[in-house]
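*Asks:* One file is attached below, run_4.pdb, containing PDB, C-alpha atoms.
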ATOM      1  CA  MET A   1      34.753 -42.702  71.974
ATOM      2  CA  LEU A   2      32.713 -41.672  68.912
ATOM      3  CA  ASP A   3      35.136 -41.350  66.004
ATOM      4  CA  LYS A   4      32.921 -42.227  63.008
ATOM      5  CA  VAL A   5      29.204 -41.563  62.660
ATOM      6  CA  THR A   6      26.717 -42.952  60.169
ATOM      7  CA  VAL A   7      23.316 -41.327  59.649
ATOM      8  CA  VAL A   8      20.852 -43.627  57.908
ATOM      9  CA  GLY A   9      18.264 -41.544  56.095
ATOM     10  CA  ALA A  10      18.844 -38.382  54.076
ATOM     11  CA  GLY A  11      15.655 -36.475  54.808
ATOM     12  CA  SER A  12      15.831 -32.955  56.180
ATOM     13  CA  TRP A  13      16.429 -33.918  59.821
ATOM     14  CA  GLY A  14      18.818 -36.784  59.094
ATOM     15  CA  THR A  15      20.853 -34.510  56.845
ATOM     16  CA  THR A  16      20.901 -31.800  59.510
ATOM     17  CA  VAL A  17      22.142 -34.160  62.229
ATOM     18  CA  ALA A  18      24.753 -35.546  59.836
ATOM     19  CA  ALA A  19      25.935 -32.008  59.098
ATOM     20  CA  ILE A  20      26.299 -31.286  62.822
ATOM     21  CA  ALA A  21      28.205 -34.528  63.471
ATOM     22  CA  ALA A  22      30.495 -33.920  60.488
ATOM     23  CA  ARG A  23      31.845 -30.814  62.194
ATOM     24  CA  SER A  24      33.483 -33.058  64.790
ATOM     25  CA  VAL A  25      34.119 -36.507  63.289
ATOM     26  CA  PRO A  26      34.057 -38.267  59.897
ATOM     27  CA  THR A  27      30.384 -38.755  59.068
ATOM     28  CA  THR A  28      28.596 -40.718  56.346
ATOM     29  CA  LEU A  29      25.019 -40.056  55.253
ATOM     30  CA  TRP A  30      23.076 -42.905  53.686
ATOM     31  CA  ALA A  31      20.500 -41.993  51.047
ATOM     32  CA  ARG A  32      18.157 -44.557  49.569
ATOM     33  CA  ARG A  33      18.584 -43.103  46.080
ATOM     34  CA  ALA A  34      22.038 -43.137  44.498
ATOM     35  CA  GLU A  35      21.383 -39.882  42.650
ATOM     36  CA  LEU A  36      20.701 -38.052  45.913
ATOM     37  CA  ALA A  37      23.840 -39.466  47.536
ATOM     38  CA  ALA A  38      25.851 -38.345  44.515
ATOM     39  CA  ALA A  39      24.336 -34.864  44.675
ATOM     40  CA  VAL A  40      25.247 -34.483  48.363
ATOM     41  CA  ASP A  41      28.811 -35.626  47.648
ATOM     42  CA  ARG A  42      29.187 -33.423  44.604
ATOM     43  CA  SER A  43      27.494 -30.184  45.626
ATOM     44  CA  HIS A  44      27.594 -30.387  49.456
ATOM     45  CA  GLU A  45      23.863 -29.728  49.443
ATOM     46  CA  ASN A  46      20.757 -31.882  49.769
ATOM     47  CA  PRO A  47      18.740 -30.556  46.811
ATOM     48  CA  ASP A  48      15.650 -32.611  47.612
ATOM     49  CA  TYR A  49      15.158 -31.923  51.311
ATOM     50  CA  LEU A  50      17.340 -28.936  52.266
ATOM     51  CA  PRO A  51      17.871 -26.936  49.086
ATOM     52  CA  GLY A  52      20.128 -23.951  49.576
ATOM     53  CA  ALA A  53      21.619 -25.193  52.869
ATOM     54  CA  ARG A  54      25.398 -25.586  52.673
ATOM     55  CA  LEU A  55      26.677 -28.873  54.133
ATOM     56  CA  PRO A  56      30.201 -29.522  55.467
ATOM     57  CA  ALA A  57      32.636 -30.591  52.770
ATOM     58  CA  ARG A  58      33.802 -33.506  54.949
ATOM     59  CA  LEU A  59      30.303 -35.034  55.036
ATOM     60  CA  ARG A  60      30.222 -38.050  52.725
ATOM     61  CA  ALA A  61      27.137 -39.724  51.260
ATOM     62  CA  THR A  62      26.459 -43.172  49.863
ATOM     63  CA  ALA A  63      23.536 -45.332  48.733
ATOM     64  CA  SER A  64      25.200 -48.499  50.053
ATOM     65  CA  LEU A  65      24.149 -49.503  53.555
ATOM     66  CA  PRO A  66      27.116 -51.848  54.176
ATOM     67  CA  GLU A  67      29.505 -49.109  53.088
ATOM     68  CA  ALA A  68      27.706 -46.533  55.215
ATOM     69  CA  VAL A  69      27.844 -48.461  58.499
ATOM     70  CA  ARG A  70      31.311 -49.961  58.069
ATOM     71  CA  ASP A  71      33.455 -49.158  61.135
ATOM     72  CA  ALA A  72      30.809 -46.778  62.506
ATOM     73  CA  SER A  73      31.045 -46.066  66.229
ATOM     74  CA  LEU A  74      27.492 -44.634  66.218
ATOM     75  CA  VAL A  75      24.600 -45.340  63.863
ATOM     76  CA  VAL A  76      21.863 -42.717  63.777
ATOM     77  CA  MET A  77      18.573 -43.976  62.334
ATOM     78  CA  ALA A  78      16.816 -41.108  60.561
ATOM     79  CA  VAL A  79      14.229 -43.371  58.938
ATOM     80  CA  PRO A  80      10.468 -42.847  59.483
ATOM     81  CA  SER A  81       8.852 -45.273  61.885
ATOM     82  CA  HIS A  82       6.921 -47.172  59.207
ATOM     83  CA  GLY A  83      10.154 -48.124  57.403
ATOM     84  CA  PHE A  84      12.448 -48.288  60.422
ATOM     85  CA  ARG A  85      12.447 -52.067  60.966
ATOM     86  CA  ALA A  86      12.980 -52.958  57.301
ATOM     87  CA  VAL A  87      16.006 -50.672  56.917
ATOM     88  CA  LEU A  88      17.477 -51.812  60.230
ATOM     89  CA  GLU A  89      17.100 -55.450  59.183
ATOM     90  CA  GLU A  90      18.869 -54.657  55.934
ATOM     91  CA  LEU A  91      21.854 -53.034  57.626
ATOM     92  CA  ALA A  92      22.035 -55.455  60.575
ATOM     93  CA  PRO A  93      24.496 -57.920  58.960
ATOM     94  CA  ALA A  94      27.000 -55.087  58.410
ATOM     95  CA  LEU A  95      26.606 -53.584  61.885
ATOM     96  CA  GLU A  96      29.605 -54.078  64.168
ATOM     97  CA  PRO A  97      28.792 -55.813  67.491
ATOM     98  CA  GLY A  98      27.883 -53.332  70.198
ATOM     99  CA  THR A  99      27.599 -50.273  67.949
ATOM    100  CA  PRO A 100      25.142 -47.842  69.594
ATOM    101  CA  VAL A 101      21.984 -47.093  67.606
ATOM    102  CA  LEU A 102      20.310 -43.701  68.054
ATOM    103  CA  SER A 103      16.810 -43.083  66.693
ATOM    104  CA  LEU A 104      15.572 -39.779  65.283
ATOM    105  CA  ALA A 105      12.118 -41.190  64.464
ATOM    106  CA  LYS A 106       9.050 -39.867  66.294
ATOM    107  CA  GLY A 107       6.452 -42.527  65.787
ATOM    108  CA  LEU A 108       5.252 -46.010  66.652
ATOM    109  CA  GLU A 109       5.368 -49.198  64.625
ATOM    110  CA  ALA A 110       1.999 -50.179  63.189
ATOM    111  CA  GLY A 111       0.768 -53.563  64.368
ATOM    112  CA  THR A 112       3.252 -54.022  67.203
ATOM    113  CA  HIS A 113       2.782 -50.508  68.702
ATOM    114  CA  LYS A 114       6.496 -50.603  69.552
ATOM    115  CA  ARG A 115       8.730 -47.613  70.093
ATOM    116  CA  MET A 116      11.791 -47.432  67.860
ATOM    117  CA  THR A 117      14.212 -48.394  70.633
ATOM    118  CA  GLU A 118      12.105 -51.514  71.128
ATOM    119  CA  VAL A 119      12.404 -52.248  67.407
ATOM    120  CA  VAL A 120      16.184 -51.873  67.711
ATOM    121  CA  ALA A 121      16.167 -54.341  70.611
ATOM    122  CA  ASP A 122      14.189 -56.783  68.449
ATOM    123  CA  VAL A 123      16.378 -56.572  65.352
ATOM    124  CA  VAL A 124      19.854 -56.034  66.859
ATOM    125  CA  PRO A 125      19.672 -57.106  70.516
ATOM    126  CA  GLY A 126      22.590 -56.212  72.739
ATOM    127  CA  HIS A 127      23.194 -52.768  71.292
ATOM    128  CA  VAL A 128      22.959 -49.581  73.335
ATOM    129  CA  THR A 129      20.015 -47.633  71.948
ATOM    130  CA  GLY A 130      18.300 -44.319  72.478
ATOM    131  CA  VAL A 131      16.505 -41.350  70.964
ATOM    132  CA  LEU A 132      17.296 -37.758  70.048
ATOM    133  CA  THR A 133      14.195 -35.609  70.352
ATOM    134  CA  GLY A 134      12.986 -32.085  71.014
ATOM    135  CA  PRO A 135      11.639 -28.932  69.349
ATOM    136  CA  ASN A 136      13.944 -29.225  66.363
ATOM    137  CA  LEU A 137      12.824 -27.967  62.956
ATOM    138  CA  ALA A 138      15.513 -28.966  60.487
ATOM    139  CA  ARG A 139      15.459 -25.831  58.357
ATOM    140  CA  GLU A 140      16.044 -23.631  61.425
ATOM    141  CA  ILE A 141      18.735 -25.843  62.973
ATOM    142  CA  VAL A 142      20.775 -26.191  59.785
ATOM    143  CA  ALA A 143      20.642 -22.400  59.421
ATOM    144  CA  GLY A 144      22.308 -22.074  62.826
ATOM    145  CA  GLN A 145      19.389 -20.661  64.762
ATOM    146  CA  PRO A 146      19.720 -21.289  68.536
ATOM    147  CA  ALA A 147      17.884 -24.430  69.627
ATOM    148  CA  ALA A 148      17.981 -27.238  72.175
ATOM    149  CA  THR A 149      17.360 -30.970  72.117
ATOM    150  CA  VAL A 150      17.396 -34.044  74.372
ATOM    151  CA  VAL A 151      19.297 -37.305  74.044
ATOM    152  CA  ALA A 152      18.021 -40.275  76.051
ATOM    153  CA  MET A 153      19.930 -43.563  75.914
ATOM    154  CA  THR A 154      20.036 -46.854  77.764
ATOM    155  CA  ASP A 155      23.678 -46.104  78.674
ATOM    156  CA  PRO A 156      24.211 -42.739  80.436
ATOM    157  CA  ALA A 157      27.875 -42.601  79.354
ATOM    158  CA  MET A 158      26.872 -42.976  75.716
ATOM    159  CA  ALA A 159      24.251 -40.250  76.123
ATOM    160  CA  GLU A 160      27.003 -37.941  77.362
ATOM    161  CA  ALA A 161      29.191 -38.915  74.399
ATOM    162  CA  VAL A 162      26.392 -38.013  71.973
ATOM    163  CA  GLN A 163      25.841 -34.780  73.895
ATOM    164  CA  ALA A 164      29.484 -33.854  73.407
ATOM    165  CA  LEU A 165      29.424 -34.862  69.741
ATOM    166  CA  LEU A 166      26.342 -32.895  68.692
ATOM    167  CA  GLY A 167      26.529 -29.874  70.966
ATOM    168  CA  THR A 168      27.517 -26.661  69.184
ATOM    169  CA  GLU A 169      27.455 -22.957  69.915
ATOM    170  CA  THR A 170      23.873 -22.838  68.574
ATOM    171  CA  PHE A 171      22.618 -26.367  69.323
ATOM    172  CA  ARG A 172      22.389 -27.184  73.020
ATOM    173  CA  VAL A 173      22.058 -30.888  73.859
ATOM    174  CA  TYR A 174      20.672 -32.090  77.185
ATOM    175  CA  THR A 175      20.721 -35.659  78.495
ATOM    176  CA  ASN A 176      17.696 -37.408  79.973
ATOM    177  CA  PRO A 177      17.581 -40.991  81.321
ATOM    178  CA  ASP A 178      13.883 -41.368  80.436
ATOM    179  CA  VAL A 179      13.958 -43.155  77.062
ATOM    180  CA  VAL A 180      10.319 -44.238  77.317
ATOM    181  CA  GLY A 181       8.985 -40.792  78.168
ATOM    182  CA  CYS A 182      11.003 -39.125  75.417
ATOM    183  CA  GLU A 183       9.817 -41.580  72.758
ATOM    184  CA  VAL A 184       6.174 -41.469  73.821
ATOM    185  CA  ALA A 185       6.280 -37.675  73.765
ATOM    186  CA  GLY A 186       7.763 -37.637  70.276
ATOM    187  CA  ALA A 187       5.137 -39.968  68.854
ATOM    188  CA  THR A 188       2.194 -38.301  70.588
ATOM    189  CA  LYS A 189       3.008 -34.701  69.717
ATOM    190  CA  ASN A 190       2.886 -35.461  65.984
ATOM    191  CA  VAL A 191      -0.693 -36.695  66.265
ATOM    192  CA  LEU A 192      -1.653 -33.699  68.390
ATOM    193  CA  ALA A 193      -0.066 -31.396  65.794
ATOM    194  CA  ILE A 194      -2.480 -32.750  63.195
ATOM    195  CA  ALA A 195      -5.329 -31.768  65.520
ATOM    196  CA  ALA A 196      -3.815 -28.309  66.004
ATOM    197  CA  GLY A 197      -3.541 -27.947  62.253
ATOM    198  CA  ILE A 198      -7.171 -28.953  61.800
ATOM    199  CA  SER A 199      -8.160 -26.222  64.244
ATOM    200  CA  ALA A 200      -6.134 -23.662  62.284
ATOM    201  CA  GLY A 201      -7.505 -24.912  58.972
ATOM    202  CA  LEU A 202     -11.031 -24.442  60.291
ATOM    203  CA  GLY A 203     -10.180 -20.793  60.949
ATOM    204  CA  LEU A 204     -10.256 -21.028  64.738
ATOM    205  CA  GLY A 205      -8.208 -18.598  66.797
ATOM    206  CA  ASP A 206      -5.506 -18.636  69.444
ATOM    207  CA  SER A 207      -7.811 -19.466  72.354
ATOM    208  CA  SER A 208      -8.923 -22.631  70.587
ATOM    209  CA  GLN A 209      -5.337 -23.514  69.733
ATOM    210  CA  ALA A 210      -4.154 -22.984  73.304
ATOM    211  CA  ALA A 211      -6.960 -25.121  74.729
ATOM    212  CA  LEU A 212      -6.307 -27.931  72.263
ATOM    213  CA  ILE A 213      -2.545 -27.943  72.839
ATOM    214  CA  THR A 214      -2.940 -27.877  76.617
ATOM    215  CA  ARG A 215      -5.478 -30.686  76.693
ATOM    216  CA  GLY A 216      -3.287 -32.580  74.258
ATOM    217  CA  LEU A 217      -0.461 -32.209  76.735
ATOM    218  CA  ALA A 218      -2.696 -33.862  79.333
ATOM    219  CA  GLU A 219      -3.189 -36.828  76.999
ATOM    220  CA  LEU A 220       0.539 -37.025  76.386
ATOM    221  CA  GLY A 221       1.250 -36.935  80.115
ATOM    222  CA  ARG A 222      -1.285 -39.660  80.920
ATOM    223  CA  LEU A 223       0.099 -42.045  78.327
ATOM    224  CA  GLY A 224       3.722 -41.341  79.183
ATOM    225  CA  ALA A 225       3.098 -42.009  82.877
ATOM    226  CA  ALA A 226       1.091 -45.172  82.152
ATOM    227  CA  MET A 227       3.997 -46.553  80.131
ATOM    228  CA  GLY A 228       6.575 -45.806  82.812
ATOM    229  CA  GLY A 229       7.797 -42.428  81.637
ATOM    230  CA  HIS A 230       8.436 -39.553  84.039
ATOM    231  CA  ARG A 231       6.093 -36.572  84.157
ATOM    232  CA  VAL A 232       9.047 -34.201  84.397
ATOM    233  CA  THR A 233      10.024 -35.333  80.880
ATOM    234  CA  ILE A 234       6.649 -34.171  79.621
ATOM    235  CA  ALA A 235       7.322 -30.713  81.096
ATOM    236  CA  GLY A 236      10.654 -30.481  79.280
ATOM    237  CA  LEU A 237      12.013 -30.163  75.755
ATOM    238  CA  ALA A 238      10.848 -33.605  74.643
ATOM    239  CA  GLY A 239       7.308 -32.888  75.812
ATOM    240  CA  VAL A 240       6.095 -29.297  76.064
ATOM    241  CA  GLY A 241       8.926 -27.960  73.912
ATOM    242  CA  ASP A 242       8.379 -30.278  70.977
ATOM    243  CA  LEU A 243       4.598 -30.077  71.313
ATOM    244  CA  VAL A 244       4.585 -26.287  71.067
ATOM    245  CA  ALA A 245       6.957 -26.214  68.092
ATOM    246  CA  THR A 246       5.122 -28.902  66.140
ATOM    247  CA  CYS A 247       1.638 -27.581  66.855
ATOM    248  CA  THR A 248       2.400 -23.953  66.002
ATOM    249  CA  SER A 249       5.164 -23.788  63.389
ATOM    250  CA  PRO A 250       4.356 -23.414  59.678
ATOM    251  CA  LEU A 251       7.417 -25.643  59.106
ATOM    252  CA  SER A 252       5.701 -28.559  60.877
ATOM    253  CA  ARG A 253       4.668 -31.240  58.394
ATOM    254  CA  ASN A 254       2.090 -32.754  60.752
ATOM    255  CA  ARG A 255       0.477 -29.396  61.426
ATOM    256  CA  MET A 256       0.415 -28.727  57.691
ATOM    257  CA  VAL A 257      -1.475 -31.969  57.083
ATOM    258  CA  GLY A 258      -4.025 -30.930  59.694
ATOM    259  CA  VAL A 259      -4.403 -27.456  58.206
ATOM    260  CA  GLU A 260      -5.213 -28.887  54.791
ATOM    261  CA  LEU A 261      -7.656 -31.398  56.287
ATOM    262  CA  GLY A 262      -9.332 -28.555  58.165
ATOM    263  CA  ARG A 263      -9.752 -26.736  54.869
ATOM    264  CA  GLY A 264     -11.669 -29.712  53.537
ATOM    265  CA  ARG A 265      -9.038 -31.446  51.437
ATOM    266  CA  ARG A 266      -8.709 -35.239  51.241
ATOM    267  CA  LEU A 267      -5.843 -36.934  53.098
ATOM    268  CA  GLU A 268      -4.641 -38.817  50.007
ATOM    269  CA  GLU A 269      -4.407 -35.581  48.065
ATOM    270  CA  VAL A 270      -2.480 -33.804  50.819
ATOM    271  CA  VAL A 271       0.002 -36.639  51.397
ATOM    272  CA  SER A 272       0.630 -37.128  47.676
ATOM    273  CA  GLU A 273       1.920 -33.554  47.440
ATOM    274  CA  MET A 274       4.429 -33.969  50.282
ATOM    275  CA  ARG A 275       8.050 -34.850  49.663
ATOM    276  CA  MET A 276       8.692 -35.564  53.355
ATOM    277  CA  VAL A 277       6.815 -37.818  55.767
ATOM    278  CA  ALA A 278       4.345 -36.582  58.384
ATOM    279  CA  GLU A 279       4.796 -39.351  60.957
ATOM    280  CA  GLY A 280       1.586 -38.543  62.800
ATOM    281  CA  VAL A 281      -0.438 -39.864  59.867
ATOM    282  CA  LYS A 282       1.015 -43.367  60.250
ATOM    283  CA  SER A 283       1.325 -43.297  64.047
ATOM    284  CA  ALA A 284      -2.139 -42.012  65.005
ATOM    285  CA  ARG A 285      -3.907 -45.366  65.036
ATOM    286  CA  PRO A 286      -1.053 -47.285  66.765
ATOM    287  CA  LEU A 287      -0.886 -44.509  69.356
ATOM    288  CA  VAL A 288      -4.592 -44.609  70.175
ATOM    289  CA  GLU A 289      -4.549 -48.419  70.266
ATOM    290  CA  LEU A 290      -1.542 -48.344  72.584
ATOM    291  CA  ALA A 291      -3.310 -45.865  74.861
ATOM    292  CA  ALA A 292      -6.402 -48.074  74.986
ATOM    293  CA  ALA A 293      -4.233 -51.054  75.916
ATOM    294  CA  HIS A 294      -2.937 -49.043  78.884
ATOM    295  CA  GLY A 295      -6.386 -47.809  79.872
ATOM    296  CA  VAL A 296      -5.593 -44.220  78.897
ATOM    297  CA  GLU A 297      -8.174 -41.859  77.412
ATOM    298  CA  MET A 298      -7.005 -39.920  74.343
ATOM    299  CA  PRO A 299     -10.076 -38.070  73.024
ATOM    300  CA  ILE A 300      -8.070 -35.730  70.784
ATOM    301  CA  GLY A 301      -6.047 -38.599  69.388
ATOM    302  CA  GLU A 302      -9.235 -40.580  68.766
ATOM    303  CA  GLN A 303     -10.757 -37.694  66.824
ATOM    304  CA  VAL A 304      -7.640 -37.438  64.655
ATOM    305  CA  VAL A 305      -7.798 -41.147  63.852
ATOM    306  CA  MET A 306     -11.433 -40.834  62.778
ATOM    307  CA  VAL A 307     -10.558 -37.998  60.417
ATOM    308  CA  LEU A 308      -7.538 -39.814  58.975
ATOM    309  CA  ASP A 309      -9.630 -42.961  58.484
ATOM    310  CA  GLY A 310     -12.335 -40.974  56.697
ATOM    311  CA  ALA A 311     -14.902 -41.854  59.374
ATOM    312  CA  GLN A 312     -15.778 -38.205  59.959
ATOM    313  CA  PRO A 313     -14.988 -34.800  58.443
ATOM    314  CA  ALA A 314     -12.407 -32.553  60.062
ATOM    315  CA  ALA A 315     -15.147 -30.037  60.842
ATOM    316  CA  ALA A 316     -16.647 -32.539  63.312
ATOM    317  CA  VAL A 317     -13.562 -32.713  65.549
ATOM    318  CA  VAL A 318     -14.068 -29.585  67.647
ATOM    319  CA  PRO A 319     -17.824 -30.045  68.229
ATOM    320  CA  ALA A 320     -17.174 -33.640  69.321
ATOM    321  CA  LEU A 321     -14.518 -32.560  71.811
ATOM    322  CA  MET A 322     -16.645 -29.685  73.155
ATOM    323  CA  ALA A 323     -19.605 -32.030  73.701
ATOM    324  CA  ARG A 324     -17.708 -34.282  76.090
ATOM    325  CA  SER A 325     -19.053 -34.460  79.643
ATOM    326  CA  ALA A 326     -17.779 -31.896  82.170
ATOM    327  CA  LYS A 327     -14.999 -33.066  84.477
ATOM    328  CA  PRO A 328     -12.152 -31.738  86.682
ATOM    329  CA  GLU A 329      -9.094 -30.441  84.882
ATOM    330  CA  PHE A 330      -6.843 -32.739  86.940
ATOM    331  CA  GLU A 331      -8.156 -36.085  88.199
ATOM    332  CA  GLY A 332      -7.480 -36.670  91.897
ATOM    333  CA  LEU A 333      -6.340 -33.123  92.587
ATOM    334  CA  GLU A 334      -9.322 -32.492  94.872
ATOM    335  CA  GLN A 335      -7.915 -34.885  97.450
ATOM    336  CA  ARG A 336      -4.535 -33.159  97.438
ATOM    337  CA  VAL A 337      -5.660 -29.553  97.695
ATOM    338  CA  ARG A 338      -6.960 -28.277 101.007
ATOM    339  CA  THR A 339      -9.979 -26.004 101.051
ATOM    340  CA  PRO A 340      -9.025 -22.727 102.817
TER
END
Show how you would write the structure in this file as structure tokens.
*Replies:*
Amino acid sequence: MLDKVTVVGAGSWGTTVAAIAARSVPTTLWARRAELAAAVDRSHENPDYLPGARLPARLRATASLPEAVRDASLVVMAVPSHGFRAVLEELAPALEPGTPVLSLAKGLEAGTHKRMTEVVADVVPGHVTGVLTGPNLAREIVAGQPAATVVAMTDPAMAEAVQALLGTETFRVYTNPDVVGCEVAGATKNVLAIAAGISAGLGLGDSSQAALITRGLAELGRLGAAMGGHRVTIAGLAGVGDLVATCTSPLSRNRMVGVELGRGRRLEEVVSEMRMVAEGVKSARPLVELAAAHGVEMPIGEQVVMVLDGAQPAAAVVPALMARSAKPEFEGLEQRVRTP
């Protein structure tokens, strides 16, 4: 069913997914810059985003979107959420009718608060769409370290096709019908990882980190459920798995941003030094606004937004969270638990 794959976006994760797909079928990687596409073709390496990682010789690269998506049976969008719509609009005229579109982005669109599958439905209606998400750090996956991920698509048969395409002896792919829950989890965990990084940058220990991650999980679960996602998704790879990896790994870009903010550095300075995008920076405000629209409290997310906006220093985050009024850990649980 899937005999030619196009990955749009040559960052570290897009390149990694393209490398995995190229083991099975002809795969084309689109890079915005012609010099990067030429380097991938020539040296079978992405020198900008995955230096030193050997890529399959059959993986091709191009800077032409029409050339990249021509005759593709699957288009994988590895473009950050803030540029997702513009790139999709650019490639739309060359996209074959009905070609499935799979998102790798973990963010929300500013202004509209839309998930990436909703953006796909806006720009190219009538296409099967979905998301690949989970605790996947590109540098580890491309090196062949054992890992797992989740694919959620609007067509279960297509999800199974992607599962078969990307599954390897070291990369285990699970299917999940909950597109909404998977996308909400992916966007939320990046914002929470900034908070976890702030905690680390302030010099706080493992108890603080564990409390912040766990309460962040509660925020993630509330928003996912309010938007129609399933709570079991939050307990799986797309939720807990990705949250733990992004909040704790030194390879996490969002955590790194938080660490530097916690050390007192300015956001503009930190971001200017990064080659790759930390999606939580752009998605924090849309996420908190989306939560408010659904009547969901996100105190950790709100604190992150205030820091990113420059409304308060990073050092104020933890005291503000600790000063919140006392409450039950789980709302409504009292009515469901019998007193012995």
*Asks:* Give me the residues within 10 Å of Val296 in chain A as a ChimeraX atom specification, counting all atoms listed in the file and dropping any in the same chain fewer than 4 places off.
*Replies:* /A:219-220,222-227,288-292
*Asks:* Can you turn the PyMOL selection byres ((chain A and resi 7) around 9) into a concrete residue list for this file, as a list of chain:residue names?
*Replies:*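 Here the PyMOL selection byres ((chain A and resi 7) around 9) matches A:Val5, A:Thr6, A:Val8, A:Gly9, A:Ala10, A:Gly14, A:Thr15, A:Val17, A:Ala18, A:Thr27, A:Thr28, A:Leu29, A:Trp30, A:Ala68, A:Val69, A:Leu74, A:Val75, A:Val76, A:Met77, A:Ala78.
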*Asks:* Using the chain letters and numbers from this file, what does the PyMOL selection byres ((chain A and resi 243) around 8) select? Give the answer as a compact mmCIF listing (two decimals) with C-alpha atoms, in the coordinates of the input.
*Replies:*
# COMPACT_ATOMS: atom_id res chain seq x y z
CA PRO A 135 11.64 -28.93 69.35
CA LYS A 189 3.01 -34.70 69.72
CA ASN A 190 2.89 -35.46 65.98
CA LEU A 192 -1.65 -33.70 68.39
CA ALA A 193 -0.07 -31.40 65.79
CA ILE A 213 -2.54 -27.94 72.84
CA LEU A 217 -0.46 -32.21 76.74
CA ALA A 238 10.85 -33.60 74.64
CA GLY A 239 7.31 -32.89 75.81
CA VAL A 240 6.10 -29.30 76.06
CA GLY A 241 8.93 -27.96 73.91
CA ASP A 242 8.38 -30.28 70.98
CA VAL A 244 4.58 -26.29 71.07
CA ALA A 245 6.96 -26.21 68.09
CA THR A 246 5.12 -28.90 66.14
CA CYS A 247 1.64 -27.58 66.86
*Asks:* Using all atoms listed in the file for the distances, tell me which of A:Asn136, A:Asp178, A:Glu169, A:Gly111 is nearest to Pro156 in chain A.
*Replies:*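 The answer is A:Asp178, which sits nearest to Pro156 in chain A.
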*Asks:* Could you write out as a count of residues only the residues that the PyMOL selection byres ((chain A and resi 276) around 8) matches in the shown file?
*Replies:* 7
*Asks:* Quick check, in Å to one decimal: how far apart do CA of Pro177 in chain A and CA of Ala157 in chain A lie?
*Replies:* 10.6 Å
*Asks:* So that I can check the surroundings of Lys114 in chain A, please list as a ChimeraX atom specification every protein, DNA and RNA residue that reaches within 9 Å of it, counting all atoms listed in the file and ignoring chain neighbours fewer than 5 positions away.
*Replies:* /A:107-109,119,286,290
*Asks:* How about saving the chosen residues, C-alpha atoms kept, as a PDB file, in the coordinates of the input?
*Replies:*
ATOM      1  CA  GLY A 107       6.452 -42.527  65.787  1.00  0.00           C
ATOM      2  CA  LEU A 108       5.252 -46.010  66.652  1.00  0.00           C
ATOM      3  CA  GLU A 109       5.368 -49.198  64.625  1.00  0.00           C
ATOM      4  CA  VAL A 119      12.404 -52.248  67.407  1.00  0.00           C
ATOM      5  CA  PRO A 286      -1.053 -47.285  66.765  1.00  0.00           C
ATOM      6  CA  LEU A 290      -1.542 -48.344  72.584  1.00  0.00           C
TER       7      LEU A 290
END
*Asks:* Could you name the residues that touch Ser43 in chain A at 10 Å or less, counting only C-alpha atoms, but leaving out those on the same chain fewer than 3 positions away, as a list in words?
*Replies:* Ala38, Ala39, Val40, Asn46, Pro47, Arg54, Leu55 and Ala57 of chain A
*Asks:* Nearest to Ala196 in chain A: which of A:Thr170, A:Gln145, A:Thr175, A:Gln303 is it, counting only C-alpha atoms?
*Replies:*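 Checking each of A:Thr170, A:Gln145, A:Thr175, A:Gln303 against Ala196 in chain A, counting only C-alpha atoms, the winner is A:Gln303.
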*Asks:* Go through A:Val173, A:Val150, A:Val304, A:Met298 and flag the residue nearest Thr233 in chain A, using all atoms listed in the file for the distances.
*Replies:*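 Counting all atoms listed in the file, the residue closest to Thr233 in chain A is A:Val150.
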*Asks:* So the first atom is CA of Gly201 in chain A and the second is CA of Gly216 in chain A; what is the distance between them in Å, to one decimal place?
*Replies:*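 Taking CA of Gly201 in chain A and CA of Gly216 in chain A, their separation equals 17.6 Å.
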*Asks:* Between CA of Arg115 in chain A and CA of Asp71 in chain A, what is the spacing in Å?
*Replies:*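 Computed distance, CA of Asp71 in chain A to CA of Arg115 in chain A, equals 26.3 Å.
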